[in-house]
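Structure file structure_6.txt (compact mmCIF, C-alpha atoms) is printed below.
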```txt
# COMPACT_ATOMS: atom_id res chain seq x y z
CA MET A 1 -5.74 -60.38 145.21
CA VAL A 2 -3.33 -60.77 148.13
CA LYS A 3 -1.05 -63.79 147.78
CA VAL A 4 -0.29 -65.32 151.18
CA LEU A 5 2.36 -67.75 152.42
CA ILE A 6 1.61 -69.49 155.74
CA HIS A 7 4.71 -69.96 157.90
CA GLY A 8 3.73 -72.78 160.26
CA CYS A 9 0.93 -74.09 158.06
CA ASN A 10 0.54 -77.55 159.61
CA GLY A 11 -0.16 -76.57 163.21
CA ARG A 12 -3.60 -76.06 164.68
CA MET A 13 -3.65 -72.39 163.78
CA GLY A 14 -2.10 -73.00 160.37
CA ASN A 15 -4.80 -75.50 159.51
CA MET A 16 -7.48 -73.11 160.75
CA VAL A 17 -6.12 -70.24 158.63
CA SER A 18 -5.96 -72.57 155.63
CA SER A 19 -9.58 -73.68 156.00
CA LEU A 20 -11.01 -70.20 156.63
CA ALA A 21 -9.09 -68.58 153.76
CA ALA A 22 -11.75 -69.94 151.40
CA ASP A 23 -14.13 -67.34 152.90
CA TYR A 24 -11.84 -64.52 151.72
CA PRO A 25 -12.10 -64.14 147.93
CA GLU A 26 -9.38 -61.46 147.99
CA ILE A 27 -6.83 -63.92 149.45
CA GLU A 28 -4.97 -66.74 147.72
CA ILE A 29 -2.80 -69.11 149.77
CA VAL A 30 0.10 -69.82 147.41
CA ALA A 31 2.40 -71.89 149.67
CA GLY A 32 3.10 -73.06 153.19
CA VAL A 33 6.17 -73.86 155.26
CA ASP A 34 6.49 -76.24 158.18
CA ARG A 35 8.83 -78.80 159.75
CA PRO A 36 9.22 -82.11 157.91
CA ASP A 37 7.92 -84.06 160.93
CA THR A 38 4.48 -82.40 160.78
CA GLU A 39 1.47 -83.80 158.98
CA LYS A 40 0.85 -81.95 155.71
CA GLY A 41 -2.80 -82.97 155.69
CA GLY A 42 -3.68 -82.70 151.99
CA LYS A 43 -3.23 -78.97 151.55
CA SER A 44 -4.41 -77.37 148.29
CA TYR A 45 -1.07 -75.54 148.04
CA PRO A 46 2.56 -76.74 148.10
CA VAL A 47 4.18 -77.19 151.52
CA TYR A 48 7.93 -76.77 151.92
CA GLU A 49 10.27 -77.71 154.73
CA SER A 50 12.11 -74.38 154.62
CA LEU A 51 11.51 -70.84 153.42
CA LYS A 52 14.59 -71.12 151.22
CA ASP A 53 12.81 -73.87 149.23
CA VAL A 54 9.72 -71.77 148.43
CA LYS A 55 9.30 -71.17 144.69
CA GLU A 56 6.11 -69.10 144.80
CA SER A 57 6.04 -65.34 145.25
CA ALA A 58 3.86 -64.01 148.09
CA ASP A 59 2.65 -60.53 149.00
CA VAL A 60 2.26 -61.30 152.71
CA ILE A 61 3.49 -64.02 155.06
CA ILE A 62 1.25 -65.09 157.94
CA ASP A 63 3.63 -66.35 160.62
CA ILE A 64 2.13 -68.75 163.14
CA SER A 65 5.21 -70.81 163.80
CA THR A 66 7.47 -71.00 166.88
CA ALA A 67 9.95 -68.58 168.38
CA THR A 68 12.87 -70.72 167.16
CA ALA A 69 11.70 -70.30 163.55
CA VAL A 70 11.38 -66.53 163.63
CA ASP A 71 15.07 -65.71 163.06
CA GLY A 72 14.93 -67.54 159.72
CA LEU A 73 11.69 -65.76 158.88
CA LEU A 74 13.22 -62.33 159.49
CA ALA A 75 16.21 -63.20 157.30
CA TYR A 76 13.85 -64.32 154.52
CA MET A 77 11.77 -61.15 154.81
CA LYS A 78 14.87 -58.99 154.61
CA GLU A 79 16.13 -60.84 151.54
CA THR A 80 12.83 -60.95 149.64
CA LYS A 81 11.25 -57.73 151.01
CA THR A 82 8.06 -59.67 151.78
CA ALA A 83 5.57 -58.19 154.24
CA ALA A 84 4.50 -60.31 157.20
CA VAL A 85 1.83 -60.66 159.87
CA ILE A 86 3.84 -62.04 162.80
CA CYS A 87 1.56 -63.76 165.32
CA THR A 88 4.11 -66.03 167.04
CA THR A 89 4.47 -65.44 170.79
CA GLY A 90 7.31 -66.08 173.23
CA LEU A 91 9.83 -64.05 171.21
CA SER A 92 13.04 -62.79 172.79
CA ALA A 93 13.87 -59.12 173.27
CA ASN A 94 16.41 -59.44 170.44
CA GLN A 95 13.79 -60.86 168.11
CA GLU A 96 11.33 -58.09 168.95
CA ALA A 97 14.09 -55.55 168.30
CA GLY A 98 14.85 -57.29 165.00
CA ILE A 99 11.21 -56.99 163.94
CA LYS A 100 11.20 -53.29 164.76
CA GLU A 101 14.40 -52.72 162.79
CA LEU A 102 13.16 -54.74 159.81
CA SER A 103 9.93 -52.73 159.69
CA LYS A 104 11.99 -49.82 158.36
CA GLU A 105 12.43 -51.84 155.17
CA VAL A 106 9.23 -53.93 154.85
CA PRO A 107 5.66 -53.73 156.21
CA VAL A 108 5.28 -55.77 159.41
CA LEU A 109 2.16 -56.26 161.50
CA ARG A 110 3.10 -57.55 164.95
CA SER A 111 0.56 -58.77 167.46
CA GLY A 112 0.57 -61.36 170.22
CA ASN A 113 -3.17 -61.86 169.72
CA MET A 114 -5.14 -61.50 166.49
CA SER A 115 -8.60 -61.49 168.10
CA MET A 116 -10.73 -58.43 167.36
CA GLY A 117 -12.21 -58.72 170.87
CA ILE A 118 -8.84 -58.71 172.63
CA ASN A 119 -7.64 -55.75 170.62
CA THR A 120 -10.80 -53.83 171.50
CA LEU A 121 -10.14 -54.72 175.16
CA LEU A 122 -6.67 -53.20 174.84
CA LYS A 123 -8.32 -49.90 173.88
CA VAL A 124 -10.70 -50.14 176.85
CA LEU A 125 -7.83 -50.76 179.29
CA ASN A 126 -5.95 -47.82 177.90
CA ASP A 127 -8.97 -45.62 178.61
CA ILE A 128 -9.94 -46.78 182.12
CA SER A 129 -6.65 -47.72 183.80
CA LEU A 130 -5.56 -44.23 184.84
CA SER A 131 -8.71 -43.33 186.77
CA LEU A 132 -8.91 -46.73 188.45
CA THR A 133 -5.27 -46.91 189.56
CA LYS A 134 -5.46 -43.32 190.79
CA ALA A 135 -8.41 -44.46 192.94
CA GLY A 136 -6.18 -47.10 194.49
CA PHE A 137 -7.13 -50.18 192.48
CA ASP A 138 -4.52 -52.93 192.15
CA VAL A 139 -4.19 -54.72 188.81
CA GLU A 140 -3.88 -58.49 188.37
CA ILE A 141 -4.07 -60.57 185.19
CA VAL A 142 -4.95 -64.26 184.94
CA GLU A 143 -4.51 -66.13 181.65
CA LYS A 144 -5.51 -69.71 180.84
CA HIS A 145 -4.49 -71.89 177.90
CA HIS A 146 -4.34 -75.51 176.77
CA HIS A 147 -1.67 -77.83 178.15
CA THR A 148 0.34 -77.84 174.91
CA LYS A 149 1.08 -74.10 174.91
CA LEU A 150 4.83 -73.66 175.17
CA ASP A 151 5.27 -70.14 176.56
CA ALA A 152 4.06 -68.56 179.79
CA PRO A 153 2.83 -66.01 180.43
CA SER A 154 1.00 -65.59 177.14
CA GLY A 155 1.92 -62.79 174.80
CA THR A 156 -1.62 -61.52 175.20
CA ALA A 157 -1.25 -61.20 178.98
CA ILE A 158 1.83 -59.04 178.43
CA MET A 159 -0.09 -56.95 175.89
CA LEU A 160 -2.85 -56.38 178.44
CA ALA A 161 -0.34 -55.35 181.11
CA ASP A 162 1.35 -53.03 178.61
CA ALA A 163 -2.03 -51.42 177.85
CA VAL A 164 -2.49 -50.68 181.56
CA LYS A 165 1.00 -49.24 181.75
CA GLU A 166 0.44 -47.09 178.67
CA GLY A 167 -2.89 -45.85 179.98
CA THR A 168 -1.47 -44.83 183.37
CA LYS A 169 1.90 -43.55 182.08
CA GLU A 170 3.39 -45.28 185.14
CA GLU A 171 6.15 -47.85 185.44
CA TYR A 172 5.05 -51.24 186.74
CA ASP A 173 6.96 -54.38 187.61
CA TYR A 174 5.43 -57.51 186.09
CA VAL A 175 5.40 -60.28 188.70
CA TYR A 176 4.89 -63.88 187.55
CA GLY A 177 4.77 -65.55 190.97
CA ARG A 178 4.98 -64.62 194.63
CA SER A 179 5.94 -67.93 196.25
CA ASP A 180 9.52 -66.76 196.80
CA ARG A 181 8.64 -63.81 199.04
CA ARG A 182 6.69 -62.89 202.13
CA SER A 183 5.78 -59.20 202.00
CA VAL A 184 2.95 -56.76 201.41
CA ARG A 185 2.03 -56.30 197.74
CA PRO A 186 3.72 -53.17 196.34
CA LYS A 187 1.50 -50.73 194.46
CA ASN A 188 3.78 -50.57 191.44
CA GLU A 189 3.33 -54.15 190.27
CA ILE A 190 1.00 -56.11 188.03
CA GLY A 191 0.67 -59.77 188.91
CA ILE A 192 0.37 -62.09 185.90
CA SER A 193 -0.70 -65.68 186.60
CA SER A 194 -0.71 -68.55 184.08
CA VAL A 195 -2.93 -71.63 184.02
CA ARG A 196 -2.24 -74.53 181.64
CA GLY A 197 -4.69 -77.39 181.23
CA GLY A 198 -6.91 -79.40 178.94
CA THR A 199 -7.98 -77.82 175.67
CA ILE A 200 -8.61 -74.25 176.85
CA VAL A 201 -8.31 -72.12 173.71
CA GLY A 202 -7.62 -68.90 175.59
CA GLU A 203 -9.02 -66.95 178.52
CA HIS A 204 -7.73 -63.63 179.79
CA GLU A 205 -9.08 -61.79 182.83
CA VAL A 206 -7.97 -58.37 184.04
CA ILE A 207 -8.84 -57.73 187.69
CA PHE A 208 -8.98 -54.23 189.18
CA ALA A 209 -9.14 -54.81 192.94
CA GLY A 210 -9.99 -51.78 195.05
CA THR A 211 -11.24 -51.18 198.56
CA ASP A 212 -14.53 -53.05 198.95
CA GLU A 213 -15.07 -53.33 195.19
CA ILE A 214 -13.69 -55.35 192.29
CA ILE A 215 -13.94 -54.85 188.53
CA GLU A 216 -13.25 -57.89 186.36
CA ILE A 217 -12.94 -57.72 182.58
CA LYS A 218 -12.72 -61.07 180.83
CA HIS A 219 -12.27 -62.28 177.27
CA THR A 220 -12.84 -65.92 176.32
CA ALA A 221 -11.93 -67.40 172.95
CA LEU A 222 -14.24 -70.31 172.18
CA SER A 223 -12.45 -71.28 168.98
CA ARG A 224 -9.14 -70.63 167.22
CA ALA A 225 -11.26 -69.21 164.41
CA VAL A 226 -11.21 -65.80 166.12
CA PHE A 227 -7.42 -65.69 165.78
CA ALA A 228 -7.38 -67.11 162.25
CA ASN A 229 -9.93 -64.59 160.99
CA GLY A 230 -7.92 -61.81 162.62
CA ALA A 231 -4.75 -62.99 160.88
CA LEU A 232 -6.49 -63.12 157.50
CA ASN A 233 -7.95 -59.64 157.99
CA ALA A 234 -4.49 -58.42 158.98
CA ALA A 235 -3.00 -59.91 155.79
CA LEU A 236 -5.61 -58.09 153.72
CA PHE A 237 -4.79 -54.87 155.55
CA LEU A 238 -1.04 -55.27 155.09
CA GLY A 239 -1.10 -56.03 151.36
CA GLY A 240 0.38 -53.07 149.48
CA LYS A 241 1.24 -51.06 152.61
CA GLU A 242 4.39 -48.97 152.94
CA PRO A 243 7.19 -50.21 155.23
CA GLY A 244 6.38 -49.70 158.90
CA LEU A 245 5.43 -51.45 162.12
CA TYR A 246 1.66 -51.96 162.28
CA SER A 247 -0.63 -53.52 164.90
CA MET A 248 -4.17 -54.86 165.10
CA ALA A 249 -5.22 -51.43 166.33
CA ASP A 250 -4.56 -50.23 162.76
CA VAL A 251 -6.75 -53.03 161.38
CA ILE A 252 -9.76 -52.42 163.63
CA GLY A 253 -9.42 -48.62 163.30
```
Translate this file's structure into C-alpha cells.
Amino acid sequence: MVKVLIHGCNGRMGNMVSSLAADYPEIEIVAGVDRPDTEKGGKSYPVYESLKDVKESADVIIDISTATAVDGLLAYMKETKTAAVICTTGLSANQEAGIKELSKEVPVLRSGNMSMGINTLLKVLNDISLSLTKAGFDVEIVEKHHHTKLDAPSGTAIMLADAVKEGTKEEYDYVYGRSDRRSVRPKNEIGISSVRGGTIVGEHEVIFAGTDEIIEIKHTALSRAVFANGALNAALFLGGKEPGLYSMADVIG
C-alpha cells in the first residue's frame, strides 16, 4: 500500500485525483493540503491549511498546487524525506534547480504533464526531429488551455520543444511572440504560441513545416482524468524507490 498526500487537493486536478484514487487499491489517500480559502468539498481524508500541520505519515506526495507553494513543499520534503510526484508547472529556474538538488536525498518524479499520450509523443519527437530538421523543416508549437490557466507557455509546450532539441542535439531559441520584430525567421528557433480560452483542457500541436509539405502531430486531452491517472500511476511507481530524479518516461518504460 502506498500512502499518498495530495498537495493542492481542492483544485480541479486535486479533486480528480481524489475521486480516481478509489480505482487504485494499492493507494490510500491519507491527507490533503490546500489554502484555507478553497472549498474542502467533503473529502474522505483530513485537509490541512499547511504542510506543517499534517499529522499523517505519507510515502509519496502528489503535488498539484501552484508555483508559489512549491518552495514550502521542497522544505517539507527535505525535512521529512518524503518522496514526491511534482506536477506543478510555471516553476522558476531556481525551483527546478532545487528539485534537482533535493533528488539526491529523496525520490522525486518531475513532469510538466502526466499524460501517458504526451509522454509517448515526447519519445516520438526525440526520434523524428533530427531527420526532419536536417531536411529543412521548421518547428512550431501551438498550445491551448482554459482561460483560468495561470502560466504561459505551458510546461508541456516547453517539454515538447526540449524533446526536439534533445533529438537534434542542436541549440534552439524559444520564441514566444514575433510582434516586436520584422525579419525573416531564423532556422535556429522554435516558435511557441499560447491560446487561452473557455474550458479547453489541453491541446498541444507540433508543426514541422518544410518546403511544400507540413507534418502536424497533435495531442488533445478531453478530460483531466488523463493527468490524474498519470499522477496516480507515478505515485505507485515512486513508492519505495531510491533517491533520484525520475520522469514519466521511467513510468511508461
Per residue of segment 30-70 of chain A within 12 Å of segment 150-163 of chain A, note the shortest atom pair and the distance in Å to one decimal, counting all atoms listed in the file, and order the rows by chain and increasing residue number, as CSV.
```
residue,atom,partner,partner_atom,distance
A:Ser65,CA,A:Leu150,CA,11.7
A:Thr66,CA,A:Leu150,CA,9.1
A:Ala67,CA,A:Asp151,CA,9.6
A:Thr68,CA,A:Leu150,CA,11.7
```
Using Å and a single decimal, report how far atom CA of Asp250 of chain A sits from atom CA of Tyr45 of chain A. 29.5 Å
Just give me the gap between atom CA of Leu5 of chain A and atom CA of Asp23 of chain A in Å, one decimal is fine.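 Computing it gives 16.5 Å between the two atoms.
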Can you work out which one of A:Ser194, A:Thr133, A:Asn113, A:Asn94 has the shortest atom-to-atom distance to Ser247 of chain A, counting all atoms listed in the file?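 Among the listed residues, A:Asn113 lies closest to Ser247 of chain A.
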Given all atoms listed in the file as the basis, pick out the residue of A:Asn10, A:Ser193, A:Ser111, A:Thr199 nearest to Glu143 of chain A. A:Ser193
